file data32.pdb (PDB, C-alpha atoms)
ATOM      1  CA  VAL A   1     104.546 131.860 106.162  1.00  0.00           C
ATOM      2  CA  ALA A   2     101.766 129.474 107.145  1.00  0.00           C
ATOM      3  CA  ALA A   3     101.568 130.331 110.840  1.00  0.00           C
ATOM      4  CA  VAL A   4     103.500 131.794 113.747  1.00  0.00           C
ATOM      5  CA  ASP A   5     103.690 131.085 117.472  1.00  0.00           C
ATOM      6  CA  PHE A   6     104.457 134.129 119.592  1.00  0.00           C
ATOM      7  CA  SER A   7     103.582 132.393 122.878  1.00  0.00           C
ATOM      8  CA  VAL A   8     107.085 130.932 123.240  1.00  0.00           C
ATOM      9  CA  ARG A   9     110.592 132.340 122.902  1.00  0.00           C
ATOM     10  CA  PRO A  10     112.347 132.133 120.607  1.00  0.00           C
ATOM     11  CA  PHE A  11     109.340 132.721 118.364  1.00  0.00           C
ATOM     12  CA  LYS A  12     108.386 129.969 115.925  1.00  0.00           C
ATOM     13  CA  ILE A  13     107.648 130.659 112.249  1.00  0.00           C
ATOM     14  CA  PHE A  14     106.015 127.832 110.329  1.00  0.00           C
ATOM     15  CA  THR A  15     106.436 127.597 106.565  1.00  0.00           C
ATOM     16  CA  THR A  16     105.667 124.780 104.164  1.00  0.00           C
ATOM     17  CA  GLY A  17     107.810 121.937 105.437  1.00  0.00           C
ATOM     18  CA  ASP A  18     110.070 124.012 107.720  1.00  0.00           C
ATOM     19  CA  ILE A  19     110.083 125.663 111.138  1.00  0.00           C
ATOM     20  CA  TYR A  20     112.243 128.688 111.883  1.00  0.00           C
ATOM     21  CA  THR A  21     112.958 130.319 115.233  1.00  0.00           C
ATOM     22  CA  SER A  22     113.839 133.927 115.994  1.00  0.00           C
ATOM     23  CA  ASN A  23     114.165 136.283 118.929  1.00  0.00           C
ATOM     24  CA  THR A  24     112.500 139.074 116.951  1.00  0.00           C
ATOM     25  CA  VAL A  25     110.053 139.214 114.043  1.00  0.00           C
ATOM     26  CA  ILE A  26     109.166 141.952 111.584  1.00  0.00           C
ATOM     27  CA  ILE A  27     105.748 141.395 110.029  1.00  0.00           C
ATOM     28  CA  ALA A  28     105.647 142.939 106.548  1.00  0.00           C
ATOM     29  CA  SER A  29     103.046 140.773 104.821  1.00  0.00           C
ATOM     30  CA  GLY A  30     101.258 143.719 103.200  1.00  0.00           C
ATOM     31  CA  ALA A  31      97.627 144.102 102.166  1.00  0.00           C
ATOM     32  CA  ARG A  32      95.740 143.161  99.035  1.00  0.00           C
ATOM     33  CA  ALA A  33      93.147 145.171  97.164  1.00  0.00           C
ATOM     34  CA  LEU A  34      89.662 143.735  97.224  1.00  0.00           C
ATOM     35  CA  LEU A  35      88.497 142.806  93.731  1.00  0.00           C
ATOM     36  CA  LEU A  36      85.103 142.289  92.113  1.00  0.00           C
ATOM     37  CA  ASP A  37      85.946 138.825  90.711  1.00  0.00           C
ATOM     38  CA  LEU A  38      84.868 139.766  87.206  1.00  0.00           C
ATOM     39  CA  PRO A  39      85.673 137.509  84.220  1.00  0.00           C
ATOM     40  CA  ASN A  40      88.173 139.971  82.658  1.00  0.00           C
ATOM     41  CA  GLU A  41      89.216 141.879  85.774  1.00  0.00           C
ATOM     42  CA  LYS A  42      92.616 140.292  86.402  1.00  0.00           C
ATOM     43  CA  LYS A  43      93.435 140.144  82.688  1.00  0.00           C
ATOM     44  CA  LEU A  44      92.987 143.911  82.421  1.00  0.00           C
ATOM     45  CA  MET A  45      94.589 144.819  85.762  1.00  0.00           C
ATOM     46  CA  GLY A  46      97.221 147.388  84.860  1.00  0.00           C
ATOM     47  CA  TYR A  47      95.676 147.864  81.413  1.00  0.00           C
ATOM     48  CA  GLY A  48      92.803 150.112  82.434  1.00  0.00           C
ATOM     49  CA  VAL A  49      91.738 148.402  85.652  1.00  0.00           C
ATOM     50  CA  SER A  50      93.390 149.663  88.825  1.00  0.00           C
ATOM     51  CA  ALA A  51      92.986 149.548  92.592  1.00  0.00           C
ATOM     52  CA  CYS A  52      95.259 152.512  93.310  1.00  0.00           C
ATOM     53  CA  ALA A  53      94.381 156.021  92.163  1.00  0.00           C
ATOM     54  CA  THR A  54      97.598 157.587  93.462  1.00  0.00           C
ATOM     55  CA  CYS A  55      99.604 154.939  91.599  1.00  0.00           C
ATOM     56  CA  ASP A  56      97.844 155.079  88.231  1.00  0.00           C
ATOM     57  CA  GLY A  57      95.763 158.253  88.086  1.00  0.00           C
ATOM     58  CA  PHE A  58      98.312 160.102  85.935  1.00  0.00           C
ATOM     59  CA  PHE A  59      97.787 157.629  83.084  1.00  0.00           C
ATOM     60  CA  PHE A  60      94.143 158.661  82.749  1.00  0.00           C
ATOM     61  CA  ARG A  61      94.692 162.334  82.033  1.00  0.00           C
ATOM     62  CA  GLY A  62      91.882 163.680  79.842  1.00  0.00           C
ATOM     63  CA  LYS A  63      89.877 160.443  79.977  1.00  0.00           C
ATOM     64  CA  GLU A  64      86.464 159.438  81.293  1.00  0.00           C
ATOM     65  CA  ILE A  65      86.692 156.756  83.963  1.00  0.00           C
ATOM     66  CA  ALA A  66      84.662 154.936  86.605  1.00  0.00           C
ATOM     67  CA  VAL A  67      85.159 154.216  90.300  1.00  0.00           C
ATOM     68  CA  VAL A  68      83.299 151.362  91.998  1.00  0.00           C
ATOM     69  CA  GLY A  69      82.323 151.746  95.646  1.00  0.00           C
ATOM     70  CA  GLY A  70      80.299 153.757  98.098  1.00  0.00           C
ATOM     71  CA  GLY A  71      82.610 154.219 101.074  1.00  0.00           C
ATOM     72  CA  ASP A  72      85.342 156.669 102.008  1.00  0.00           C
ATOM     73  CA  THR A  73      87.895 154.824  99.858  1.00  0.00           C
ATOM     74  CA  ALA A  74      85.806 155.268  96.707  1.00  0.00           C
ATOM     75  CA  MET A  75      85.089 158.937  97.439  1.00  0.00           C
ATOM     76  CA  GLU A  76      88.755 159.663  98.118  1.00  0.00           C
ATOM     77  CA  GLU A  77      89.861 157.853  94.953  1.00  0.00           C
ATOM     78  CA  ALA A  78      87.245 159.634  92.833  1.00  0.00           C
ATOM     79  CA  ASN A  79      88.159 163.094  94.127  1.00  0.00           C
ATOM     80  CA  PHE A  80      91.845 162.435  93.551  1.00  0.00           C
ATOM     81  CA  LEU A  81      91.238 161.166  90.021  1.00  0.00           C
ATOM     82  CA  THR A  82      89.512 164.409  89.004  1.00  0.00           C
ATOM     83  CA  LYS A  83      92.996 165.967  89.016  1.00  0.00           C
ATOM     84  CA  PHE A  84      93.643 163.994  85.838  1.00  0.00           C
ATOM     85  CA  ALA A  85      90.422 162.655  84.304  1.00  0.00           C
ATOM     86  CA  ASP A  86      87.870 164.829  82.529  1.00  0.00           C
ATOM     87  CA  LYS A  87      85.007 162.935  84.144  1.00  0.00           C
ATOM     88  CA  VAL A  88      84.693 160.386  86.954  1.00  0.00           C
ATOM     89  CA  THR A  89      81.546 158.306  87.469  1.00  0.00           C
ATOM     90  CA  ILE A  90      81.046 156.606  90.811  1.00  0.00           C
ATOM     91  CA  ILE A  91      79.156 153.317  90.414  1.00  0.00           C
ATOM     92  CA  HIS A  92      77.365 152.175  93.559  1.00  0.00           C
ATOM     93  CA  ARG A  93      75.100 149.198  94.162  1.00  0.00           C
ATOM     94  CA  ARG A  94      72.664 151.208  96.293  1.00  0.00           C
ATOM     95  CA  ASP A  95      71.080 154.655  96.085  1.00  0.00           C
ATOM     96  CA  THR A  96      72.812 155.983  99.205  1.00  0.00           C
ATOM     97  CA  LEU A  97      76.487 156.153 100.118  1.00  0.00           C
ATOM     98  CA  ARG A  98      78.039 154.682 103.246  1.00  0.00           C
ATOM     99  CA  ALA A  99      80.946 157.136 103.177  1.00  0.00           C
ATOM    100  CA  SER A 100      81.322 159.748 105.908  1.00  0.00           C
ATOM    101  CA  ARG A 101      79.332 162.949 105.431  1.00  0.00           C
ATOM    102  CA  ILE A 102      82.364 165.076 104.647  1.00  0.00           C
ATOM    103  CA  MET A 103      83.622 162.628 102.004  1.00  0.00           C
ATOM    104  CA  GLN A 104      80.149 162.430 100.452  1.00  0.00           C
ATOM    105  CA  LYS A 105      79.937 166.212 100.346  1.00  0.00           C
ATOM    106  CA  ARG A 106      83.290 166.554  98.610  1.00  0.00           C
ATOM    107  CA  ALA A 107      82.318 164.031  95.936  1.00  0.00           C
ATOM    108  CA  ILE A 108      78.803 165.341  95.364  1.00  0.00           C
ATOM    109  CA  GLU A 109      79.995 168.934  95.067  1.00  0.00           C
ATOM    110  CA  ASN A 110      82.843 168.065  92.675  1.00  0.00           C
ATOM    111  CA  PRO A 111      81.712 169.166  89.182  1.00  0.00           C
ATOM    112  CA  LYS A 112      83.752 166.408  87.543  1.00  0.00           C
ATOM    113  CA  ILE A 113      82.024 163.596  89.453  1.00  0.00           C
ATOM    114  CA  ASP A 114      78.766 161.892  88.449  1.00  0.00           C
ATOM    115  CA  PHE A 115      76.971 158.998  90.131  1.00  0.00           C
ATOM    116  CA  MET A 116      75.460 155.823  88.742  1.00  0.00           C
ATOM    117  CA  TRP A 117      73.105 154.522  91.434  1.00  0.00           C
ATOM    118  CA  ASN A 118      71.737 151.012  91.956  1.00  0.00           C
ATOM    119  CA  ALA A 119      74.303 149.534  89.605  1.00  0.00           C
ATOM    120  CA  VAL A 120      77.004 146.877  89.680  1.00  0.00           C
ATOM    121  CA  VAL A 121      79.755 146.038  87.200  1.00  0.00           C
ATOM    122  CA  THR A 122      79.446 142.483  85.899  1.00  0.00           C
ATOM    123  CA  ASP A 123      82.332 142.533  83.406  1.00  0.00           C
ATOM    124  CA  VAL A 124      84.990 144.688  81.760  1.00  0.00           C
ATOM    125  CA  HIS A 125      85.324 144.973  77.980  1.00  0.00           C
ATOM    126  CA  GLY A 126      88.738 145.341  76.387  1.00  0.00           C
ATOM    127  CA  GLU A 127      92.125 143.760  75.778  1.00  0.00           C
ATOM    128  CA  PRO A 128      95.572 144.407  77.288  1.00  0.00           C
ATOM    129  CA  GLU A 129      96.753 145.718  73.906  1.00  0.00           C
ATOM    130  CA  THR A 130      93.959 148.278  73.560  1.00  0.00           C
ATOM    131  CA  GLY A 131      92.874 148.958  77.130  1.00  0.00           C
ATOM    132  CA  ILE A 132      89.336 149.207  78.457  1.00  0.00           C
ATOM    133  CA  LYS A 133      86.516 149.968  76.053  1.00  0.00           C
ATOM    134  CA  GLY A 134      83.618 149.775  78.467  1.00  0.00           C
ATOM    135  CA  LEU A 135      81.793 147.974  81.246  1.00  0.00           C
ATOM    136  CA  ARG A 136      78.840 145.646  81.502  1.00  0.00           C
ATOM    137  CA  ILE A 137      76.448 147.208  84.006  1.00  0.00           C
ATOM    138  CA  LYS A 138      73.572 145.533  85.834  1.00  0.00           C
ATOM    139  CA  ASN A 139      70.759 147.475  87.472  1.00  0.00           C
ATOM    140  CA  THR A 140      70.247 146.129  91.006  1.00  0.00           C
ATOM    141  CA  VAL A 141      66.587 147.175  91.069  1.00  0.00           C
ATOM    142  CA  ASP A 142      65.145 145.679  87.878  1.00  0.00           C
ATOM    143  CA  GLY A 143      67.998 143.353  86.832  1.00  0.00           C
ATOM    144  CA  THR A 144      68.444 144.882  83.380  1.00  0.00           C
ATOM    145  CA  GLU A 145      71.925 145.003  81.866  1.00  0.00           C
ATOM    146  CA  CYS A 146      73.640 147.324  79.408  1.00  0.00           C
ATOM    147  CA  ASP A 147      77.068 148.159  78.024  1.00  0.00           C
ATOM    148  CA  TRP A 148      78.554 151.476  79.101  1.00  0.00           C
ATOM    149  CA  GLU A 149      81.581 153.131  77.543  1.00  0.00           C
ATOM    150  CA  THR A 150      84.485 154.168  79.752  1.00  0.00           C
ATOM    151  CA  GLN A 151      88.268 154.274  79.506  1.00  0.00           C
ATOM    152  CA  GLY A 152      89.213 153.175  82.982  1.00  0.00           C
ATOM    153  CA  LEU A 153      87.938 151.309  86.041  1.00  0.00           C
ATOM    154  CA  PHE A 154      89.185 151.945  89.562  1.00  0.00           C
ATOM    155  CA  LEU A 155      88.203 149.593  92.384  1.00  0.00           C
ATOM    156  CA  GLY A 156      87.442 151.594  95.497  1.00  0.00           C
ATOM    157  CA  ILE A 157      86.070 148.818  97.667  1.00  0.00           C
ATOM    158  CA  GLY A 158      88.968 148.691 100.099  1.00  0.00           C
ATOM    159  CA  HIS A 159      91.928 146.521 101.014  1.00  0.00           C
ATOM    160  CA  LYS A 160      92.423 143.479 103.213  1.00  0.00           C
ATOM    161  CA  PRO A 161      95.621 143.079 105.248  1.00  0.00           C
ATOM    162  CA  ASN A 162      97.405 139.744 104.989  1.00  0.00           C
ATOM    163  CA  THR A 163      97.161 138.860 108.656  1.00  0.00           C
ATOM    164  CA  GLU A 164      95.196 135.603 108.650  1.00  0.00           C
ATOM    165  CA  PHE A 165      98.303 133.565 109.486  1.00  0.00           C
ATOM    166  CA  LEU A 166      98.753 135.488 112.741  1.00  0.00           C
ATOM    167  CA  GLN A 167      95.525 134.027 114.137  1.00  0.00           C
ATOM    168  CA  GLY A 168      94.966 137.026 116.391  1.00  0.00           C
ATOM    169  CA  GLN A 169      98.253 136.734 118.244  1.00  0.00           C
ATOM    170  CA  VAL A 170      98.941 140.468 117.968  1.00  0.00           C
ATOM    171  CA  LYS A 171      96.516 143.330 118.492  1.00  0.00           C
ATOM    172  CA  MET A 172      94.626 144.299 115.323  1.00  0.00           C
ATOM    173  CA  ASP A 173      91.910 146.808 114.504  1.00  0.00           C
ATOM    174  CA  GLU A 174      88.409 145.862 113.364  1.00  0.00           C
ATOM    175  CA  ASN A 175      89.621 145.479 109.766  1.00  0.00           C
ATOM    176  CA  GLY A 176      92.550 143.210 110.567  1.00  0.00           C
ATOM    177  CA  TYR A 177      95.348 145.788 110.355  1.00  0.00           C
ATOM    178  CA  ILE A 178      98.081 145.372 112.970  1.00  0.00           C
ATOM    179  CA  VAL A 179      98.007 148.078 115.626  1.00  0.00           C
ATOM    180  CA  THR A 180     101.425 149.583 116.376  1.00  0.00           C
ATOM    181  CA  VAL A 181     102.530 151.964 119.113  1.00  0.00           C
ATOM    182  CA  PRO A 182     102.229 155.490 117.638  1.00  0.00           C
ATOM    183  CA  GLY A 183     105.502 156.689 116.141  1.00  0.00           C
ATOM    184  CA  THR A 184     107.008 153.191 116.194  1.00  0.00           C
ATOM    185  CA  THR A 185     106.602 149.787 114.570  1.00  0.00           C
ATOM    186  CA  LYS A 186     106.175 147.983 117.902  1.00  0.00           C
ATOM    187  CA  THR A 187     103.185 145.646 118.165  1.00  0.00           C
ATOM    188  CA  SER A 188     101.367 144.402 121.253  1.00  0.00           C
ATOM    189  CA  VAL A 189     103.884 141.537 121.537  1.00  0.00           C
ATOM    190  CA  GLU A 190     107.348 142.424 122.795  1.00  0.00           C
ATOM    191  CA  GLY A 191     109.940 141.672 120.121  1.00  0.00           C
ATOM    192  CA  VAL A 192     107.409 141.654 117.297  1.00  0.00           C
ATOM    193  CA  PHE A 193     107.317 144.621 114.928  1.00  0.00           C
ATOM    194  CA  ALA A 194     105.123 145.457 111.913  1.00  0.00           C
ATOM    195  CA  ALA A 195     105.927 147.537 108.830  1.00  0.00           C
ATOM    196  CA  GLY A 196     104.262 148.526 105.585  1.00  0.00           C
ATOM    197  CA  ASP A 197     100.692 148.095 104.413  1.00  0.00           C
ATOM    198  CA  VAL A 198      99.945 145.412 106.996  1.00  0.00           C
ATOM    199  CA  GLN A 199      99.773 148.205 109.585  1.00  0.00           C
ATOM    200  CA  ASP A 200      99.065 151.210 107.336  1.00  0.00           C
ATOM    201  CA  HIS A 201      95.518 151.638 106.061  1.00  0.00           C
ATOM    202  CA  VAL A 202      95.928 155.335 105.264  1.00  0.00           C
ATOM    203  CA  TYR A 203      98.819 155.900 102.832  1.00  0.00           C
ATOM    204  CA  ARG A 204      99.493 152.446 101.314  1.00  0.00           C
ATOM    205  CA  GLN A 205     102.452 153.659  99.243  1.00  0.00           C
ATOM    206  CA  ALA A 206     105.794 152.009  98.496  1.00  0.00           C
ATOM    207  CA  VAL A 207     107.712 154.955  99.937  1.00  0.00           C
ATOM    208  CA  THR A 208     105.842 154.857 103.269  1.00  0.00           C
ATOM    209  CA  ALA A 209     106.195 151.074 103.443  1.00  0.00           C
ATOM    210  CA  ALA A 210     109.942 151.422 102.857  1.00  0.00           C
ATOM    211  CA  GLY A 211     110.107 154.065 105.569  1.00  0.00           C
ATOM    212  CA  THR A 212     108.415 151.922 108.191  1.00  0.00           C
ATOM    213  CA  GLY A 213     110.566 148.997 107.072  1.00  0.00           C
ATOM    214  CA  CYS A 214     113.641 151.065 107.873  1.00  0.00           C
ATOM    215  CA  MET A 215     112.103 152.040 111.223  1.00  0.00           C
ATOM    216  CA  ALA A 216     111.425 148.400 112.058  1.00  0.00           C
ATOM    217  CA  ALA A 217     114.993 147.353 111.221  1.00  0.00           C
ATOM    218  CA  ILE A 218     116.431 150.070 113.473  1.00  0.00           C
ATOM    219  CA  GLU A 219     114.035 149.216 116.297  1.00  0.00           C
ATOM    220  CA  VAL A 220     114.887 145.517 116.058  1.00  0.00           C
ATOM    221  CA  GLU A 221     118.594 146.325 116.250  1.00  0.00           C
ATOM    222  CA  ARG A 222     118.058 148.494 119.331  1.00  0.00           C
ATOM    223  CA  TYR A 223     115.823 145.867 120.903  1.00  0.00           C
ATOM    224  CA  LEU A 224     118.417 143.132 120.452  1.00  0.00           C
ATOM    225  CA  GLU A 225     121.187 145.357 121.798  1.00  0.00           C
ATOM    226  CA  ALA A 226     119.103 146.109 124.887  1.00  0.00           C
ATOM    227  CA  GLN A 227     118.364 142.405 125.382  1.00  0.00           C
ATOM    228  CA  HIS A 228     122.062 141.550 125.061  1.00  0.00           C
ATOM    229  CA  ALA A 229     123.070 144.280 127.539  1.00  0.00           C
ATOM    230  CA  ALA A 230     120.489 143.039 130.049  1.00  0.00           C
ATOM    231  CA  HIS A 231     122.050 139.593 130.039  1.00  0.00           C
TER     232      HIS A 231
END
call {"tool": "encode", "arguments": {"input": "data32.pdb", "output": "structure tokens"}}
result
Amino acid sequence: VAAVDFSVRPFKIFTTGDIYTSNTVIIASGARALLLDLPNEKKLMGYGVSACATCDGFFFRGKEIAVVGGGDTAMEEANFLTKFADKVTIIHRRDTLRASRIMQKRAIENPKIDFMWNAVVTDVHGEPETGIKGLRIKNTVDGTECDWETQGLFLGIGHKPNTEFLQGQVKMDENGYIVTVPGTTKTSVEGVFAAGDVQDHVYRQAVTAAGTGCMAAIEVERYLEAQHAAH
């Protein structure tokens, strides 16, 4: 979908070369993990690099791994990963965290978590066949670089919802996630519903996305029945 127009009914959906119309729309465009844009990052995604601790944490049982980030996402991912990994090192570009106090406290007090301050990852070493061997680390204070051994890299720098094509036509929060009426998939525009990660910045799991997808389908059916009865 390239763009939509919710100012007219039926709604207009613009794709490459075609225009579709519909009386209702379910937005399920998802969200994408923010990446570091490292040379080997995408090559090793799924082979030691991950952006989802709840999805991949089990595969790192007994290993030593790293989490990049300094916000609540990174702290939550790191704490969760200590259920599996022997050691988790949080790599942060500054010497203070931006995470909430309670999330900082949980991470700092976790005996399995260490911190690498004033550091950024500039590359990942390894191959898909063998997994990650280590990271290239740059000190943000003096600019020095070194290689650091680790067996996994988790990106805890957040997600970005795929809502650019909506051009602000439905209500969104400050991060671009679609705001829905609590307990429903209804958006700020009558007849427009949202399901999955595009409106869920908390759970971001396939099972919860499927659940809200089912909710949206039922609510669309009821909406159309009500519209038909009214006419």
call {"tool": "closest_residue", "arguments": {"input": "data32.pdb", "among": "A:Lys87, A:Arg93, A:Arg9, A:His228", "to": "A:Met116", "atoms": "all atoms listed in the file"}}
result
A:Arg93
call {"tool": "residues_around", "arguments": {"input": "data32.pdb", "residues": "A:Gly196", "least_positions_apart": "5", "cutoff": "7 Å", "atoms": "all atoms listed in the file", "output": "number ranges by chain"}}
result
A: 28, 30, 208-210, 212-213
call {"tool": "closest_atom_pairs", "arguments": {"input": "data32.pdb", "of": "stretch 38-140 of chain A", "to": "stretch 148-169 of chain A", "cutoff": "10 Å", "atoms": "all atoms listed in the file", "output": "JSON lines"}}
result
{"residue": "A:Glu41", "atom": "CA", "partner": "A:Leu153", "partner_atom": "CA", "distance": 9.5}
{"residue": "A:Leu44", "atom": "CA", "partner": "A:Leu153", "partner_atom": "CA", "distance": 9.7}
{"residue": "A:Met45", "atom": "CA", "partner": "A:Leu153", "partner_atom": "CA", "distance": 9.3}
{"residue": "A:Tyr47", "atom": "CA", "partner": "A:Gly152", "partner_atom": "CA", "distance": 8.5}
{"residue": "A:Gly48", "atom": "CA", "partner": "A:Gly152", "partner_atom": "CA", "distance": 4.8}
{"residue": "A:Val49", "atom": "CA", "partner": "A:Leu153", "partner_atom": "CA", "distance": 4.8}
{"residue": "A:Ser50", "atom": "CA", "partner": "A:Phe154", "partner_atom": "CA", "distance": 4.8}
{"residue": "A:Ala51", "atom": "CA", "partner": "A:Leu155", "partner_atom": "CA", "distance": 4.8}
{"residue": "A:Cys52", "atom": "CA", "partner": "A:Phe154", "partner_atom": "CA", "distance": 7.2}
{"residue": "A:Ala53", "atom": "CA", "partner": "A:Phe154", "partner_atom": "CA", "distance": 7.1}
{"residue": "A:Asp56", "atom": "CA", "partner": "A:Phe154", "partner_atom": "CA", "distance": 9.3}
{"residue": "A:Gly57", "atom": "CA", "partner": "A:Phe154", "partner_atom": "CA", "distance": 9.2}
{"residue": "A:Phe59", "atom": "CA", "partner": "A:Gly152", "partner_atom": "CA", "distance": 9.7}
{"residue": "A:Phe60", "atom": "CA", "partner": "A:Gly152", "partner_atom": "CA", "distance": 7.4}
{"residue": "A:Lys63", "atom": "CA", "partner": "A:Gln151", "partner_atom": "CA", "distance": 6.4}
{"residue": "A:Glu64", "atom": "CA", "partner": "A:Gln151", "partner_atom": "CA", "distance": 5.8}
{"residue": "A:Ile65", "atom": "CA", "partner": "A:Gly152", "partner_atom": "CA", "distance": 4.5}
{"residue": "A:Ala66", "atom": "CA", "partner": "A:Leu153", "partner_atom": "CA", "distance": 4.9}
{"residue": "A:Val67", "atom": "CA", "partner": "A:Phe154", "partner_atom": "CA", "distance": 4.7}
{"residue": "A:Val68", "atom": "CA", "partner": "A:Leu155", "partner_atom": "CA", "distance": 5.2}
{"residue": "A:Gly69", "atom": "CA", "partner": "A:Gly156", "partner_atom": "CA", "distance": 5.1}
{"residue": "A:Gly70", "atom": "CA", "partner": "A:Ile157", "partner_atom": "CA", "distance": 7.6}
{"residue": "A:Gly71", "atom": "CA", "partner": "A:Ile157", "partner_atom": "CA", "distance": 7.3}
{"residue": "A:Asp72", "atom": "CA", "partner": "A:Gly156", "partner_atom": "CA", "distance": 8.5}
{"residue": "A:Thr73", "atom": "CA", "partner": "A:Gly156", "partner_atom": "CA", "distance": 5.4}
{"residue": "A:Ala74", "atom": "CA", "partner": "A:Gly156", "partner_atom": "CA", "distance": 4.2}
{"residue": "A:Met75", "atom": "CA", "partner": "A:Gly156", "partner_atom": "CA", "distance": 8.0}
{"residue": "A:Glu76", "atom": "CA", "partner": "A:Gly156", "partner_atom": "CA", "distance": 8.6}
{"residue": "A:Glu77", "atom": "CA", "partner": "A:Gly156", "partner_atom": "CA", "distance": 6.7}
{"residue": "A:Ala78", "atom": "CA", "partner": "A:Gly156", "partner_atom": "CA", "distance": 8.5}
{"residue": "A:Leu81", "atom": "CA", "partner": "A:Phe154", "partner_atom": "CA", "distance": 9.5}
{"residue": "A:Ala85", "atom": "CA", "partner": "A:Gly152", "partner_atom": "CA", "distance": 9.6}
{"residue": "A:Lys87", "atom": "CA", "partner": "A:Thr150", "partner_atom": "CA", "distance": 9.8}
{"residue": "A:Val88", "atom": "CA", "partner": "A:Gly152", "partner_atom": "CA", "distance": 9.4}
{"residue": "A:Thr89", "atom": "CA", "partner": "A:Thr150", "partner_atom": "CA", "distance": 9.2}
{"residue": "A:Ile90", "atom": "CA", "partner": "A:Gly156", "partner_atom": "CA", "distance": 9.4}
{"residue": "A:Ile91", "atom": "CA", "partner": "A:Gly156", "partner_atom": "CA", "distance": 9.9}
{"residue": "A:Val121", "atom": "CA", "partner": "A:Leu153", "partner_atom": "CA", "distance": 9.8}
{"residue": "A:Val124", "atom": "CA", "partner": "A:Leu153", "partner_atom": "CA", "distance": 8.4}
{"residue": "A:His125", "atom": "CA", "partner": "A:Glu149", "partner_atom": "CA", "distance": 9.0}
{"residue": "A:Gly126", "atom": "CA", "partner": "A:Gln151", "partner_atom": "CA", "distance": 9.5}
{"residue": "A:Gly131", "atom": "CA", "partner": "A:Gln151", "partner_atom": "CA", "distance": 7.4}
{"residue": "A:Ile132", "atom": "CA", "partner": "A:Gln151", "partner_atom": "CA", "distance": 5.3}
{"residue": "A:Lys133", "atom": "CA", "partner": "A:Gln151", "partner_atom": "CA", "distance": 5.8}
{"residue": "A:Gly134", "atom": "CA", "partner": "A:Glu149", "partner_atom": "CA", "distance": 4.0}
{"residue": "A:Leu135", "atom": "CA", "partner": "A:Trp148", "partner_atom": "CA", "distance": 5.2}
{"residue": "A:Arg136", "atom": "CA", "partner": "A:Trp148", "partner_atom": "CA", "distance": 6.3}
{"residue": "A:Ile137", "atom": "CA", "partner": "A:Trp148", "partner_atom": "CA", "distance": 6.8}
call {"tool": "closest_residue", "arguments": {"input": "data32.pdb", "among": "A:Ser22, A:Ile218, A:Thr122, A:Asp142", "to": "A:Leu35", "atoms": "all atoms listed in the file"}}
result
A:Thr122
call {"tool": "atom_distance", "arguments": {"input": "data32.pdb", "atom1": "atom CA of A:Ile19", "atom2": "atom CA of A:Met215"}}
result
26.5 Å
call {"tool": "resolve_selection", "arguments": {"input": "data32.pdb", "expression": "the PyMOL selection byres ((chain A and resi 12) around 12)", "output": "PyMOL selection string"}}
result
chain A and resi 1-11+13-15+18-25+166+192
call {"tool": "closest_residue", "arguments": {"input": "data32.pdb", "among": "A:Thr144, A:Thr96, A:Asn110, A:Thr184", "to": "A:Cys214", "atoms": "only C-alpha atoms"}}
result
A:Thr184
call {"tool": "closest_residue", "arguments": {"input": "data32.pdb", "among": "A:Pro39, A:Thr140, A:Gly62, A:Val207", "to": "A:His92", "atoms": "all atoms listed in the file"}}
result
A:Thr140
call {"tool": "residues_around", "arguments": {"input": "data32.pdb", "residues": "A:Thr180", "least_positions_apart": "6", "cutoff": "10 Å", "atoms": "all atoms listed in the file", "output": "ChimeraX atom specification"}}
result
/A:170-172,186-189,192-195,199-200
call {"tool": "atom_distance", "arguments": {"input": "data32.pdb", "atom1": "atom CA of A:Ser29", "atom2": "atom CA of A:Asp197"}}
result
7.7 Å
call {"tool": "atom_distance", "arguments": {"input": "data32.pdb", "atom1": "atom CA of A:Cys146", "atom2": "atom CA of A:Ile113"}}
result
20.9 Å
call {"tool": "closest_residue", "arguments": {"input": "data32.pdb", "among": "A:Pro128, A:Gly143, A:Pro182, A:Gly191", "to": "A:Ala217", "atoms": "all atoms listed in the file"}}
result
A:Gly191
call {"tool": "closest_residue", "arguments": {"input": "data32.pdb", "among": "A:Thr54, A:Asn175, A:Thr185, A:Gln205", "to": "A:Phe80", "atoms": "all atoms listed in the file"}}
result
A:Thr54
call {"tool": "axis_aligned_box", "arguments": {"input": "data32.pdb", "around": "stretch 76-94 of chain A", "padding_each_side": "6 Å", "output": "AutoDock Vina command-line options"}}
result
--center_x 83.2 --center_y 157.6 --center_z 90.3 --size_x 33.0 --size_y 28.8 --size_z 27.6
call {"tool": "decode", "arguments": {"input": "data32.pdb", "residues": "stretch 61-65 of chain A", "atoms": "N, CA, C and O atoms", "output": "mmCIF file, in the first residue's frame"}}
result
data_model
loop_
_atom_site.group_PDB
_atom_site.id
_atom_site.type_symbol
_atom_site.label_atom_id
_atom_site.label_comp_id
_atom_site.auth_asym_id
_atom_site.auth_seq_id
_atom_site.Cartn_x
_atom_site.Cartn_y
_atom_site.Cartn_z
ATOM 1 N N ARG A 61 20.919 -20.540 25.456
ATOM 2 C CA ARG A 61 21.075 -21.131 26.782
ATOM 3 C C ARG A 61 22.549 -21.457 27.038
ATOM 4 O O ARG A 61 23.213 -22.100 26.217
ATOM 5 N N GLY A 62 23.060 -20.989 28.177
ATOM 6 C CA GLY A 62 24.436 -21.267 28.569
ATOM 7 C C GLY A 62 25.484 -20.454 27.849
ATOM 8 O O GLY A 62 26.680 -20.706 28.021
ATOM 9 N N LYS A 63 25.065 -19.432 27.077
ATOM 10 C CA LYS A 63 26.034 -18.645 26.314
ATOM 11 C C LYS A 63 26.224 -17.263 26.924
ATOM 12 O O LYS A 63 25.490 -16.848 27.820
ATOM 13 N N GLU A 64 27.241 -16.564 26.426
ATOM 14 C CA GLU A 64 27.497 -15.182 26.821
ATOM 15 C C GLU A 64 27.128 -14.288 25.643
ATOM 16 O O GLU A 64 27.640 -14.471 24.537
ATOM 17 N N ILE A 65 26.239 -13.338 25.889
ATOM 18 C CA ILE A 65 25.679 -12.547 24.790
ATOM 19 C C ILE A 65 25.663 -11.064 25.148
ATOM 20 O O ILE A 65 25.914 -10.675 26.287
#
